[in-house]
>>> print(open('protein.cif').read())   # mmCIF, C-alpha atoms and all ligand atoms
data_my_file
loop_
_atom_site.label_atom_id
_atom_site.label_comp_id
_atom_site.auth_asym_id
_atom_site.auth_seq_id
_atom_site.Cartn_x
_atom_site.Cartn_y
_atom_site.Cartn_z
CA MET A 4 -9.51 16.41 7.45
CA PRO A 5 -6.88 13.74 7.70
CA ALA A 6 -4.90 14.25 10.84
CA SER A 7 -1.33 13.32 11.38
CA GLY A 8 0.44 13.32 14.64
CA SER A 9 3.74 14.01 12.95
CA ALA A 10 3.16 15.84 9.68
CA ARG A 11 6.44 16.86 8.11
CA LEU A 12 6.72 20.19 6.47
CA VAL A 13 9.43 19.22 4.02
CA PRO A 14 10.29 15.82 2.61
CA PRO A 15 12.70 13.82 4.78
CA MET A 16 15.11 13.19 1.91
CA ASN A 17 15.80 16.90 1.74
CA LEU A 18 16.07 17.10 5.48
CA ALA A 19 18.62 14.33 5.52
CA ALA A 20 20.98 16.54 3.61
CA LEU A 21 20.66 19.41 6.08
CA PRO A 22 22.15 19.84 9.53
CA ARG A 23 19.47 19.06 12.11
CA LEU A 24 19.15 22.56 13.54
CA ALA A 25 18.88 24.18 10.14
CA ALA A 26 16.17 21.70 9.21
CA ARG A 27 14.20 22.56 12.37
CA ALA A 28 14.39 26.25 11.52
CA TYR A 29 13.21 25.50 7.97
CA ASP A 30 10.23 23.60 9.41
CA LEU A 31 9.23 26.53 11.59
CA LEU A 32 9.51 29.12 8.82
CA LEU A 33 7.26 27.42 6.26
CA PRO A 34 3.52 26.97 6.86
CA PRO A 35 2.33 23.44 6.01
CA SER A 36 0.51 23.19 2.69
CA CYS A 37 -1.56 20.65 0.74
CA VAL A 38 0.61 18.66 -1.69
CA LEU A 39 -2.25 18.66 -4.23
CA CYS A 40 -3.57 22.24 -4.25
CA SER A 41 -0.96 24.13 -2.17
CA CYS A 42 -3.56 25.61 0.16
CA THR A 43 -2.44 26.07 3.75
CA VAL A 44 -3.28 23.24 6.12
CA GLU A 45 -3.21 23.33 9.89
CA ALA A 46 0.04 22.50 11.59
CA GLY A 47 0.02 18.92 12.81
CA MET A 48 -2.26 17.75 10.01
CA ALA A 49 -1.29 15.56 7.07
CA PRO A 50 -0.25 17.61 4.01
CA VAL A 51 -3.46 17.07 2.05
CA CYS A 52 -6.50 19.28 2.60
CA ALA A 53 -10.01 17.94 3.22
CA PRO A 54 -11.46 19.08 -0.14
CA CYS A 55 -8.61 17.38 -2.05
CA TRP A 56 -9.00 14.21 0.02
CA HIS A 57 -12.73 14.10 -0.67
CA ARG A 58 -12.14 14.59 -4.39
CA LEU A 59 -9.99 11.47 -4.67
CA PRO A 60 -11.43 9.02 -7.21
CA ARG A 61 -12.55 5.77 -5.67
CA ILE A 62 -12.91 2.28 -7.07
CA LEU A 63 -16.63 1.61 -7.18
CA PRO A 64 -18.40 -1.70 -6.70
CA PRO A 65 -18.87 -4.18 -8.15
CA ARG A 66 -15.18 -4.89 -7.64
CA CYS A 67 -13.15 -7.91 -8.66
CA HIS A 68 -12.28 -9.88 -5.51
CA ARG A 69 -9.07 -11.14 -7.08
CA CYS A 70 -7.45 -7.89 -8.27
CA GLY A 71 -9.50 -5.09 -6.72
CA ALA A 72 -10.38 -3.42 -10.04
CA THR A 73 -13.90 -2.27 -10.84
CA ARG A 74 -15.83 -4.93 -12.74
CA LEU A 75 -17.70 -3.80 -15.78
CA THR A 76 -20.37 -6.43 -15.08
CA PRO A 77 -21.49 -7.76 -11.67
CA VAL A 78 -20.37 -11.35 -12.12
CA GLU A 79 -19.86 -13.40 -8.99
CA SER A 80 -16.97 -15.55 -10.24
CA ASP A 81 -13.41 -14.61 -9.30
CA GLY A 82 -11.25 -12.75 -11.74
CA CYS A 83 -11.99 -10.15 -14.41
CA ALA A 84 -10.54 -8.83 -17.65
CA ALA A 85 -8.12 -6.61 -15.71
CA CYS A 86 -6.51 -9.60 -13.97
CA ALA A 87 -6.79 -12.23 -16.70
CA ALA A 88 -2.98 -12.31 -16.93
CA TRP A 89 -2.38 -12.31 -13.17
CA PRO A 90 -0.20 -15.25 -12.18
CA LEU A 91 -2.05 -16.35 -9.06
CA GLU A 92 -5.67 -17.50 -9.32
CA SER A 93 -6.27 -17.53 -5.57
CA MET A 94 -5.17 -13.91 -4.99
CA ARG A 95 -7.51 -11.63 -2.99
CA THR A 96 -7.06 -7.87 -3.34
CA GLU A 97 -8.82 -4.79 -2.02
CA ALA A 98 -7.75 -1.39 -3.30
CA LEU A 99 -9.16 2.08 -2.62
CA CYS A 100 -8.45 4.29 -5.60
CA PRO A 101 -7.77 3.89 -9.29
CA MET A 102 -4.15 4.86 -9.97
CA ARG A 103 -4.90 8.11 -11.72
CA GLY A 104 -5.38 11.82 -11.08
CA PRO A 105 -4.93 13.01 -7.51
CA ALA A 106 -4.73 9.44 -6.14
CA ALA A 107 -1.72 8.71 -8.35
CA ARG A 108 -0.27 12.04 -7.31
CA LEU A 109 -0.55 11.13 -3.62
CA VAL A 110 1.22 7.81 -4.26
CA ARG A 111 4.04 9.62 -6.04
CA GLU A 112 4.30 12.38 -3.43
CA LEU A 113 4.60 9.76 -0.70
CA LYS A 114 7.02 7.50 -2.52
CA TYR A 115 9.21 9.79 -4.57
CA ALA A 116 8.92 13.21 -2.91
CA GLY A 117 9.18 11.85 0.61
CA TRP A 118 5.94 13.27 2.01
CA THR A 119 5.82 10.52 4.61
CA ALA A 120 3.02 12.15 6.63
CA LEU A 121 0.68 11.28 3.75
CA ALA A 122 0.99 7.65 4.80
CA VAL A 123 -1.16 8.39 7.88
CA PRO A 124 -4.48 9.10 6.12
CA MET A 125 -3.62 6.78 3.21
CA GLY A 126 -2.86 3.85 5.50
CA ARG A 127 -5.76 4.53 7.82
CA ALA A 128 -8.13 4.53 4.85
CA LEU A 129 -7.13 0.90 4.22
CA SER A 130 -8.96 -0.12 7.38
CA ASN A 131 -12.27 -1.08 5.73
CA PRO A 132 -10.62 -3.02 2.90
CA ALA A 133 -8.48 -4.89 5.44
CA GLN A 134 -11.54 -5.70 7.52
CA ASN A 135 -13.32 -6.97 4.40
CA LEU A 136 -10.48 -9.38 3.68
CA ALA A 137 -10.26 -10.52 7.29
CA ARG A 138 -14.01 -11.12 7.38
CA ARG A 139 -13.86 -13.14 4.17
CA ALA A 140 -11.04 -15.22 5.67
CA GLY A 141 -12.96 -15.69 8.92
CA VAL A 142 -10.24 -14.05 11.04
CA PRO A 143 -10.63 -11.12 13.49
CA ALA A 144 -8.91 -8.13 11.88
CA ASP A 145 -6.85 -7.37 14.99
CA GLU A 146 -5.36 -10.89 14.90
CA VAL A 147 -4.01 -10.50 11.38
CA LEU A 148 -0.31 -9.74 10.97
CA LEU A 149 0.26 -6.87 8.56
CA VAL A 150 3.16 -7.52 6.21
CA PRO A 151 4.45 -4.61 4.10
CA VAL A 152 5.56 -5.53 0.58
CA PRO A 153 9.31 -4.94 0.82
CA ILE A 154 11.51 -2.86 -1.43
CA THR A 155 15.16 -3.73 -2.07
CA PRO A 156 17.73 -2.65 0.54
CA ALA A 157 19.33 -0.37 -2.05
CA ARG A 158 16.00 1.33 -2.75
CA ARG A 159 15.31 1.68 0.96
CA ARG A 160 18.70 3.31 1.55
CA GLU A 161 18.15 5.67 -1.33
CA ARG A 162 14.55 6.57 -0.33
CA GLY A 163 15.05 6.40 3.41
CA PHE A 164 11.83 4.45 4.00
CA ASN A 165 9.55 1.80 2.58
CA GLN A 166 6.22 3.43 1.78
CA ALA A 167 4.38 0.12 2.28
CA ARG A 168 5.78 -0.08 5.83
CA LEU A 169 4.51 3.45 6.57
CA LEU A 170 1.06 2.54 5.26
CA ALA A 171 1.09 -0.67 7.31
CA ASP A 172 2.03 1.28 10.45
CA ALA A 173 -0.90 3.67 9.97
CA LEU A 174 -3.22 0.74 9.25
CA SER A 175 -2.01 -1.09 12.32
CA ASN A 176 -3.03 1.87 14.49
CA ALA A 177 -6.49 1.85 12.94
CA LEU A 178 -6.98 -1.92 13.33
CA ASP A 179 -4.98 -2.45 16.50
CA ALA A 180 -3.09 -5.10 14.55
CA ARG A 181 0.64 -5.80 14.45
CA VAL A 182 3.10 -5.09 11.64
CA THR A 183 5.85 -7.60 10.95
CA GLU A 184 8.41 -7.39 8.16
CA LEU A 185 8.29 -11.05 7.23
CA LEU A 186 9.64 -10.57 3.72
CA GLU A 187 12.90 -9.39 2.20
CA ARG A 188 13.41 -8.37 -1.39
CA ARG A 189 16.42 -8.72 -3.62
CA THR A 190 17.04 -6.87 -6.84
CA ALA A 191 14.95 -8.36 -9.64
CA ARG A 192 17.01 -10.59 -11.89
CA ARG A 193 15.29 -9.39 -15.05
CA SER A 194 12.55 -7.00 -16.07
CA GLN A 195 8.99 -8.32 -15.76
CA VAL A 196 7.71 -6.37 -18.73
CA HIS A 197 7.98 -8.89 -21.55
CA LEU A 198 7.52 -12.07 -19.52
CA ARG A 199 4.46 -14.28 -19.77
CA ARG A 200 2.21 -15.01 -16.78
CA GLN A 201 3.98 -17.96 -15.15
CA ALA A 202 7.42 -16.65 -16.12
CA ARG A 203 6.57 -13.37 -14.39
CA LEU A 204 5.72 -15.21 -11.20
CA ALA A 205 8.86 -17.36 -11.38
CA ASN A 206 10.98 -14.27 -11.95
CA ALA A 207 9.35 -12.36 -9.10
CA LEU A 208 9.60 -15.35 -6.78
CA GLY A 209 13.36 -15.19 -7.05
CA SER A 210 13.25 -11.69 -5.59
CA PHE A 211 11.59 -12.53 -2.26
CA ARG A 212 12.39 -14.60 0.77
CA THR A 213 11.13 -14.68 4.34
CA SER A 214 13.24 -12.68 6.77
CA VAL A 215 15.37 -14.76 9.09
CA GLY A 216 13.87 -14.67 12.58
CA ALA A 217 11.03 -12.30 11.69
CA GLY A 218 7.67 -13.38 13.10
CA ARG A 219 9.28 -15.95 15.39
CA GLY A 220 6.97 -16.38 18.36
CA GLU A 221 4.05 -15.04 16.34
CA HIS A 222 3.93 -18.17 14.26
CA GLU A 223 2.12 -20.28 16.80
CA ARG A 224 -0.46 -17.68 17.75
CA ARG A 225 -1.11 -15.72 14.56
CA ARG A 226 -0.64 -17.23 11.18
CA SER A 227 -2.97 -15.12 9.06
CA VAL A 228 -1.03 -12.44 7.22
CA LEU A 229 -2.22 -9.50 5.14
CA LEU A 230 0.06 -7.83 2.62
CA VAL A 231 0.09 -4.04 2.44
CA ASP A 232 1.29 -2.01 -0.55
CA ASP A 233 0.84 1.43 -2.07
CA VAL A 234 -0.06 0.35 -5.60
CA VAL A 235 -0.74 -2.95 -7.33
CA THR A 236 -0.41 -3.38 -11.09
CA THR A 237 0.41 -6.75 -12.67
CA GLY A 238 -0.08 -8.85 -9.56
CA ALA A 239 3.31 -10.52 -10.03
CA THR A 240 4.87 -8.95 -6.95
CA ALA A 241 1.84 -9.70 -4.79
CA ALA A 242 1.66 -13.26 -6.09
CA ALA A 243 5.33 -13.83 -5.33
CA CYS A 244 4.88 -12.46 -1.79
CA VAL A 245 1.81 -14.61 -1.18
CA THR A 246 3.54 -17.72 -2.53
CA THR A 247 6.69 -17.09 -0.48
CA LEU A 248 4.68 -16.60 2.72
CA ALA A 249 2.52 -19.67 2.10
CA GLU A 250 5.61 -21.82 1.48
CA ALA A 251 6.99 -20.64 4.85
CA GLY A 252 3.83 -21.81 6.65
CA TRP A 253 1.91 -18.53 6.89
CA GLN A 254 -1.68 -18.10 5.74
CA PRO A 255 -1.93 -15.08 3.42
CA ILE A 256 -5.48 -13.70 3.34
CA GLY A 257 -4.80 -11.15 0.61
CA LEU A 258 -3.42 -7.73 -0.21
CA VAL A 259 -4.66 -4.23 0.60
CA SER A 260 -3.39 -1.44 -1.59
CA PHE A 261 -4.05 2.28 -1.68
CA ALA A 262 -4.18 2.30 -5.49
CA ARG A 263 -4.82 -0.17 -8.28
CA ALA A 264 -3.50 0.44 -11.78
CA TRP A 265 -5.21 -1.22 -14.71
CA ARG A 266 -5.84 -0.31 -18.30
CA THR A 267 -9.43 0.91 -18.32
CA PHE A 268 -10.78 3.14 -15.61
CA GLU A 269 -14.43 3.33 -16.57
CA PRO A 270 -16.54 3.63 -13.42
CA SER A 271 -15.17 5.67 -10.57
CA SER A 272 -16.60 8.23 -8.25
CA ASP A 273 -15.71 11.53 -6.76
CA SER A 274 -16.48 10.32 -3.28
CA ALA A 275 -13.55 9.94 -0.93
CA PRO A 276 -12.25 6.70 0.51
CA PRO A 277 -13.59 6.09 4.01
CA MET A 278 -11.28 7.47 6.66
ZN ZN B 301 -5.74 20.47 -1.30
ZN ZN B 302 -9.76 -8.77 -11.56
#
>>> encode(input="protein.cif", output="structure tokens", more="lines below")
Ligand SMILES: [Zn+2]
Ligand SMILES: [Zn+2]
Amino acid sequence: MPASGSARLVPPMNLAALPRLAARAYDLLLPPSCVLCSCTVEAGMAPVCAPCWHRLPRILPPRCHRCGATRLTPVESDGCAACAAWPLESMRTEALCPMRGPAARLVRELKYAGWTALAVPMGRALSNPAQNLARRAGVPADEVLLVPVPITPARRRERGFNQARLLADALSNALDARVTELLERRTARRSQVHLRRQARLANALGSFRTSVGAGRGEHERRRSVLLVDDVVTTGATAAACVTTLAEAGWQPIGLVSFARAWRTFEPSSDSAPPM
């Protein structure tokens, strides 16, 4: 059962609209329930029950090292059909769940419904993937700086949080690693949808920059950085983040993501992500 030290009983966006005392009373009146099946969960636990958590689909090996998708054939070379159009050849990605069914629902409940307590088990479950990437890069996992993929300031104001930051915070507790918001994001200049591979990267690159002053002091001691996000799809955002960090002198070792969206979802399992 995924535990949360601070499970919220109602989404924070709704709470923000209520006077504080009324919101407290609302919390006390409603028993916490699972966001997937509505069964009652214990107070203080994350709002997803153990059976639902264990039914989450999981990306099975063999996985593509570059994009995190399941490979249909166990080929050792980097890249697969799912990331043939990804803009960055050197990308390294580990993802837990295919973006479908209850896993997609958890991503949406966290991001759009404001169930921020879900970030605790979701972020903690990224521990093994993060350790895999650190091992491959030859860096102790607790020396890696965790960098959440940023959302635009407007989106953050509207949502009240960046879901990637919440996942990174939960992961940092599991790894005993630090979180640093090294990147800022501006509103995309144009839609990515109809752009070709390199044009997508160029377009996305214009949306990111390193935060002024962020990571200062860390730079000399820790230079390996690991991106954290809730879902990865075309790879353009991740590639732009990696490129921006590398140009600023950091050493990106990859991206961990709770979910990976790609076109075909052939092999998956009913076993839960490790907690
Ligand atoms: Zn449930
Ligand atoms: Zn791939």
>>> closest_residue(input="protein.cif", among="A:Gly71, A:Gly126, A:Pro105, A:Gly82", to="ligand ZN 301 (chain B)", atoms="all atoms listed in the file")
A:Pro105
>>> atom_distance(input="protein.cif", atom1="CA of Arg69 in chain A", atom2="CA of Asn165 in chain A")
24.6 Å
>>> atom_distance(input="protein.cif", atom1="CA of Ala87 in chain A", atom2="CA of Val234 in chain A")
18.1 Å
>>> closest_residue(input="protein.cif", among="A:Leu186, A:Leu229, A:Ala202, A:Val110", to="Ala251 in chain A", atoms="only C-alpha atoms")
A:Leu186
>>> closest_atom_pairs(input="protein.cif", of="chain A", to="ligand ZN 301 (chain B)", cutoff="7 Å", atoms="only C-alpha atoms and all ligand atoms", output="Markdown table")
| residue | atom | partner | partner_atom | distance |
| --- | --- | --- | --- | --- |
| A:Cys37 | CA | B:ZN301 | ZN | 4.7 |
| A:Val38 | CA | B:ZN301 | ZN | 6.6 |
| A:Leu39 | CA | B:ZN301 | ZN | 4.9 |
| A:Cys40 | CA | B:ZN301 | ZN | 4.1 |
| A:Ser41 | CA | B:ZN301 | ZN | 6.1 |
| A:Cys42 | CA | B:ZN301 | ZN | 5.8 |
| A:Val51 | CA | B:ZN301 | ZN | 5.3 |
| A:Cys52 | CA | B:ZN301 | ZN | 4.1 |
| A:Ala53 | CA | B:ZN301 | ZN | 6.7 |
| A:Pro54 | CA | B:ZN301 | ZN | 6.0 |
| A:Cys55 | CA | B:ZN301 | ZN | 4.3 |
>>> closest_residue(input="protein.cif", among="A:Val215, A:Ala49, A:Cys67, A:Cys244", to="ligand ZN 302 (chain B)", atoms="all atoms listed in the file")
A:Cys67
>>> residues_near_point(input="protein.cif", point="(-5.3, -7.5, -7.8)", cutoff="8 Å", atoms="only C-alpha atoms", output="list in words")
Cys67, His68, Arg69, Cys70, Gly71, Ala72, Cys86, Trp89, Met94, Arg95, Thr96, Glu97, Ala98, Val235, Thr236, Thr237, Gly238, Leu258 and Arg263 of chain A
>>> closest_residue(input="protein.cif", among="A:Thr73, A:Gln134, A:Gln254, A:Ser36", to="ligand ZN 302 (chain B)", atoms="all atoms listed in the file")
A:Thr73
>>> atom_distance(input="protein.cif", atom1="CA of Glu184 in chain A", atom2="CA of Ala205 in chain A")
21.9 Å
>>> residues_around(input="protein.cif", residues="Leu178 in chain A", least_positions_apart="2", cutoff="12 Å", atoms="all atoms listed in the file", output="VMD selection string")
chain A and resid 126 to 134 137 143 to 149 171 to 176 180 to 182
>>> closest_residue(input="protein.cif", among="A:Leu91, A:Cys100, A:Ala106, A:Ala85", to="Leu63 in chain A", atoms="all atoms listed in the file")
A:Cys100
>>> residues_around(input="protein.cif", residues="Pro101 in chain A", least_positions_apart="6", cutoff="9 Å", atoms="all atoms listed in the file", output="list in words")
Pro60, Arg61, Ile62, Ala72, Thr73, Ala107, Phe261, Ala262, Arg263, Ala264, Trp265, Phe268 and Ser271 of chain A
>>> residues_around(input="protein.cif", residues="Tyr115 in chain A", least_positions_apart="2", cutoff="10 Å", atoms="only C-alpha atoms", output="JSON, numbers by chain")
{"A": [14, 16, 109, 110, 111, 112, 113, 117, 118, 119, 162, 166]}
>>> closest_residue(input="protein.cif", among="A:Leu208, A:Leu170, A:Ala88, A:Leu185", to="Gly252 in chain A", atoms="all atoms listed in the file")
A:Leu185
